[in-house]
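Novice: Hey, dropping entry-v9.json in here, JSON, C-alpha atoms:
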```
[["chain", "number", "residue", "atom", "x", "y", "z"],
["A", 1, "MET", "CA", -7.45, -15.72, 86.84],
["A", 2, "ASP", "CA", -4.78, -17.50, 88.84],
["A", 3, "ASP", "CA", -1.14, -16.51, 89.35],
["A", 4, "GLU", "CA", -0.02, -19.28, 87.02],
["A", 5, "THR", "CA", -1.90, -18.02, 83.95],
["A", 6, "PHE", "CA", -1.75, -14.29, 84.71],
["A", 7, "PRO", "CA", 1.56, -13.52, 82.92],
["A", 8, "GLN", "CA", 0.42, -15.21, 79.70],
["A", 9, "GLU", "CA", -3.03, -13.62, 79.83],
["A", 10, "LEU", "CA", -1.52, -10.18, 80.44],
["A", 11, "ALA", "CA", 0.95, -10.59, 77.55],
["A", 12, "ASP", "CA", -1.83, -11.81, 75.24],
["A", 13, "ALA", "CA", -4.11, -8.91, 76.21],
["A", 14, "LEU", "CA", -1.39, -6.29, 75.67],
["A", 15, "THR", "CA", -0.39, -7.83, 72.34],
["A", 16, "GLY", "CA", -4.00, -7.98, 71.22],
["A", 17, "VAL", "CA", -4.69, -4.36, 72.11],
["A", 18, "GLN", "CA", -1.53, -3.18, 70.32],
["A", 19, "ARG", "CA", -2.25, -5.28, 67.21],
["A", 20, "LEU", "CA", -5.85, -4.04, 67.00],
["A", 21, "LEU", "CA", -4.80, -0.42, 67.50],
["A", 22, "ARG", "CA", -2.30, -0.74, 64.63],
["A", 23, "ARG", "CA", -4.87, -2.35, 62.34],
["A", 24, "ARG", "CA", -7.55, 0.22, 63.07],
["A", 25, "LEU", "CA", -5.12, 3.11, 62.61],
["A", 26, "ARG", "CA", -3.73, 1.67, 59.36],
["A", 27, "ALA", "CA", -7.24, 1.52, 57.92],
["A", 28, "GLY", "CA", -7.41, 5.32, 57.82],
["A", 29, "LEU", "CA", -3.98, 5.93, 56.31],
["A", 30, "THR", "CA", -3.70, 7.99, 53.14],
["A", 31, "VAL", "CA", 0.08, 7.50, 52.88],
["A", 32, "PRO", "CA", 2.11, 4.30, 52.67],
["A", 33, "ARG", "CA", 2.38, 2.73, 56.10],
["A", 34, "LEU", "CA", 5.62, 2.68, 58.00],
["A", 35, "ARG", "CA", 7.07, -0.64, 59.11],
["A", 36, "GLY", "CA", 7.23, -1.24, 62.85],
["A", 37, "GLY", "CA", 10.93, -0.47, 63.19],
["A", 38, "GLU", "CA", 10.60, 2.70, 61.13],
["A", 39, "ALA", "CA", 7.76, 4.00, 63.27],
["A", 40, "GLU", "CA", 9.61, 3.10, 66.48],
["A", 41, "LEU", "CA", 12.74, 4.91, 65.29],
["A", 42, "LEU", "CA", 10.77, 8.01, 64.32],
["A", 43, "ARG", "CA", 9.03, 8.07, 67.71],
["A", 44, "LEU", "CA", 12.39, 7.69, 69.47],
["A", 45, "VAL", "CA", 14.01, 10.49, 67.45],
["A", 46, "GLY", "CA", 10.93, 12.62, 68.14],
["A", 47, "THR", "CA", 11.43, 12.23, 71.88],
["A", 48, "ARG", "CA", 15.24, 12.43, 71.70],
["A", 49, "PRO", "CA", 16.26, 14.79, 68.87],
["A", 50, "GLY", "CA", 19.95, 14.48, 68.08],
["A", 51, "ILE", "CA", 20.19, 10.86, 69.19],
["A", 52, "GLY", "CA", 22.95, 8.90, 67.50],
["A", 53, "VAL", "CA", 22.50, 5.73, 65.50],
["A", 54, "THR", "CA", 24.37, 3.57, 68.03],
["A", 55, "GLU", "CA", 22.32, 4.91, 70.93],
["A", 56, "ALA", "CA", 19.10, 4.47, 68.95],
["A", 57, "ALA", "CA", 20.04, 0.85, 68.26],
["A", 58, "ARG", "CA", 20.66, 0.28, 71.95],
["A", 59, "GLU", "CA", 17.33, 1.92, 72.93],
["A", 60, "LEU", "CA", 15.38, -0.07, 70.33],
["A", 61, "LEU", "CA", 17.23, -3.30, 71.14],
["A", 62, "LEU", "CA", 18.25, -3.67, 67.49],
["A", 63, "ALA", "CA", 21.56, -4.30, 65.75],
["A", 64, "GLY", "CA", 23.40, -1.17, 64.65],
["A", 65, "ASN", "CA", 23.32, -2.18, 60.98],
["A", 66, "SER", "CA", 19.54, -2.69, 61.20],
["A", 67, "VAL", "CA", 19.08, 0.84, 62.52],
["A", 68, "SER", "CA", 21.45, 2.18, 59.84],
["A", 69, "THR", "CA", 19.25, 0.54, 57.20],
["A", 70, "LEU", "CA", 16.14, 2.11, 58.76],
["A", 71, "VAL", "CA", 17.86, 5.50, 58.90],
["A", 72, "ASN", "CA", 18.87, 5.30, 55.22],
["A", 73, "ARG", "CA", 15.32, 4.42, 54.18],
["A", 74, "LEU", "CA", 13.76, 7.16, 56.33],
["A", 75, "VAL", "CA", 16.22, 9.76, 55.03],
["A", 76, "ARG", "CA", 15.33, 8.76, 51.43],
["A", 77, "GLU", "CA", 11.60, 8.98, 52.25],
["A", 78, "GLY", "CA", 12.03, 12.46, 53.70],
["A", 79, "TYR", "CA", 11.31, 11.64, 57.35],
["A", 80, "LEU", "CA", 14.76, 11.88, 58.94],
["A", 81, "ILE", "CA", 17.65, 14.31, 58.76],
["A", 82, "ARG", "CA", 21.07, 12.79, 59.37],
["A", 83, "GLU", "CA", 23.69, 15.33, 60.47],
["A", 84, "THR", "CA", 27.35, 14.78, 61.20],
["A", 85, "ASP", "CA", 28.11, 14.89, 64.90],
["A", 86, "PRO", "CA", 30.46, 17.86, 65.41],
["A", 87, "ALA", "CA", 32.19, 16.04, 68.29],
["A", 88, "ASP", "CA", 32.82, 12.89, 66.23],
["A", 89, "ARG", "CA", 32.79, 13.31, 62.45],
["A", 90, "ARG", "CA", 32.25, 9.53, 62.03],
["A", 91, "ALA", "CA", 28.97, 9.60, 63.97],
["A", 92, "ALA", "CA", 25.57, 10.87, 62.87],
["A", 93, "ARG", "CA", 22.89, 12.71, 64.80],
["A", 94, "LEU", "CA", 19.25, 12.23, 63.84],
["A", 95, "ARG", "CA", 16.39, 14.72, 63.68],
["A", 96, "LEU", "CA", 12.85, 14.52, 62.35],
["A", 97, "THR", "CA", 11.79, 16.42, 59.27],
["A", 98, "GLU", "CA", 8.66, 18.52, 59.33],
["A", 99, "ALA", "CA", 6.89, 15.76, 57.35],
["A", 100, "ALA", "CA", 7.77, 13.23, 60.06],
["A", 101, "GLU", "CA", 6.66, 15.55, 62.86],
["A", 102, "THR", "CA", 3.34, 16.09, 61.09],
["A", 103, "ARG", "CA", 2.88, 12.39, 60.49],
["A", 104, "LEU", "CA", 3.64, 11.50, 64.12],
["A", 105, "ARG", "CA", 1.39, 14.27, 65.43],
["A", 106, "ASP", "CA", -1.48, 13.08, 63.21],
["A", 107, "TRP", "CA", -0.91, 9.45, 64.23],
["A", 108, "ARG", "CA", -0.92, 10.35, 67.95],
["A", 109, "ALA", "CA", -4.12, 12.36, 67.53],
["A", 110, "ARG", "CA", -5.84, 9.53, 65.65],
["A", 111, "ARG", "CA", -4.66, 6.98, 68.23],
["A", 112, "ALA", "CA", -5.84, 9.13, 71.15],
["A", 113, "GLU", "CA", -9.22, 9.65, 69.48],
["A", 114, "LEU", "CA", -9.63, 5.91, 68.85],
["A", 115, "VAL", "CA", -8.67, 4.93, 72.40],
["A", 116, "GLU", "CA", -10.82, 7.68, 73.90],
["A", 117, "ARG", "CA", -13.82, 6.52, 71.89],
["A", 118, "GLU", "CA", -13.38, 2.86, 72.82],
["A", 119, "VAL", "CA", -12.60, 3.50, 76.49],
["A", 120, "ALA", "CA", -15.75, 5.65, 76.71],
["A", 121, "ARG", "CA", -17.75, 2.57, 75.69],
["A", 122, "LEU", "CA", -16.50, 0.65, 78.75],
["A", 123, "ASP", "CA", -18.41, 0.75, 82.00],
["A", 124, "ALA", "CA", -17.11, 2.98, 84.80],
["A", 125, "GLY", "CA", -15.54, 0.05, 86.67],
["A", 126, "ASP", "CA", -13.49, -1.07, 83.68],
["A", 127, "ARG", "CA", -12.38, 2.52, 82.97],
["A", 128, "GLU", "CA", -11.24, 2.89, 86.58],
["A", 129, "ALA", "CA", -9.44, -0.48, 86.49],
["A", 130, "LEU", "CA", -7.50, 0.63, 83.39],
["A", 131, "ARG", "CA", -6.65, 3.97, 85.02],
["A", 132, "ALA", "CA", -5.46, 2.19, 88.18],
["A", 133, "ALA", "CA", -3.31, -0.22, 86.11],
["A", 134, "LEU", "CA", -1.38, 2.55, 84.30],
["A", 135, "PRO", "CA", 1.38, 3.03, 86.94],
["A", 136, "ALA", "CA", 2.05, -0.71, 87.08],
["A", 137, "LEU", "CA", 2.10, -0.97, 83.27],
["A", 138, "ARG", "CA", 4.56, 1.93, 83.04],
["A", 139, "THR", "CA", 6.80, 0.24, 85.62],
["A", 140, "LEU", "CA", 6.59, -3.03, 83.68],
["A", 141, "ALA", "CA", 7.61, -1.20, 80.49],
["A", 142, "VAL", "CA", 10.65, 0.32, 82.22],
["A", 143, "GLN", "CA", 11.68, -3.08, 83.57],
["A", 144, "LEU", "CA", 11.31, -4.69, 80.15],
["A", 145, "GLN", "CA", 13.40, -1.93, 78.58],
["A", 146, "GLN", "CA", 16.17, -2.43, 81.15],
["A", 147, "GLU", "CA", 16.17, -6.24, 81.12],
["A", 148, "PRO", "CA", 18.39, -7.75, 78.45],
["A", 149, "GLY", "CA", 17.10, -11.01, 77.19],
["A", 150, "ASN", "CA", 16.00, -13.19, 74.36],
["A", 151, "ASP", "CA", 12.49, -12.26, 73.34],
["A", 152, "SER", "CA", 12.43, -14.10, 70.03],
["A", 153, "ALA", "CA", 9.91, -16.86, 69.48]]
```
Write out the structure in this file as structure tokens.

Specialist:
Amino acid sequence: MDDETFPQELADALTGVQRLLRRRLRAGLTVPRLRGGEAELLRLVGTRPGIGVTEAARELLLAGNSVSTLVNRLVREGYLIRETDPADRRAARLRLTEAAETRLRDWRARRAELVEREVARLDAGDREALRAALPALRTLAVQLQQEPGNDSA
């Protein structure tokens, strides 16, 4: 692989892995699946309980009204609790419900089990290459999060 094609091949590989993980995990669902933005918002609130809608929109790189729509839907479905911010009565703070925590915990466990099973099928060299790539992939994710830009097709 040359330097010219590497960025595209990396992006394609990451996209393919993510798409296949989602498909395989969806196959075992016994509840209606969450849309991508809903799942991302729940994961964010899970890691940052009490986050506000505006901050969540900024973190997810979405418009505020889009996140408000997601919040309304997730509150109706029993996955989010929206509380008034005591410091600013116009703002809301978000927390997960027990149902959301359970769903995220189950999803993480199923994902870890799937990845563990598939990685175990790789030869030792490929497993080590993936392990060695983790720090660089984490750094790339941080850079992508910090870099404003147009990522639409």

Novice: At a cut-off of 12 Å, can you tabulate as a tab-separated table every residue of stretch 81-149 of chain A near stretch 3-11 of chain A together with its closest atom pair and the distance in Å to one decimal, using only C-alpha atoms and ordering rows by chain then number?

Specialist:
```
residue	atom	partner	partner_atom	distance
A:Ala133	CA	A:Leu10	CA	11.6
A:Leu137	CA	A:Leu10	CA	10.3
A:Leu140	CA	A:Ala11	CA	11.2
A:Ala141	CA	A:Ala11	CA	11.9
```

Novice: Which distance in Å separates atom CA of A:Ile51 and atom CA of A:Ala92, to one decimal?

Specialist: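 Taking atom CA of A:Ile51 and atom CA of A:Ala92, their separation equals 8.3 Å.
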
Novice: Could you tell me how far atom CA of A:Ala56 sits from atom CA of A:Thr97, in Å to one decimal place?

Specialist: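 Separating atom CA of A:Thr97 from atom CA of A:Ala56 is a distance of 17.0 Å.
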
Novice: Would you mind listing what lies within 9 Å of A:Gly46 as a VMD selection string, with only C-alpha atoms counted and same-chain residues fewer than 5 positions away left out?

Specialist: chain A and resid 41 95 to 96 100 to 101 104

Novice: Using all atoms listed in the file, which protein or nucleic acid residues come within 12 Å of stretch 71-77 of chain A? Drop anything in the same chain fewer than 3 positions from it, and give the result as a ChimeraX atom specification.

Specialist: /A:31-35,37-42,45,51-54,56-57,64-68,80-83,92-97,99-100
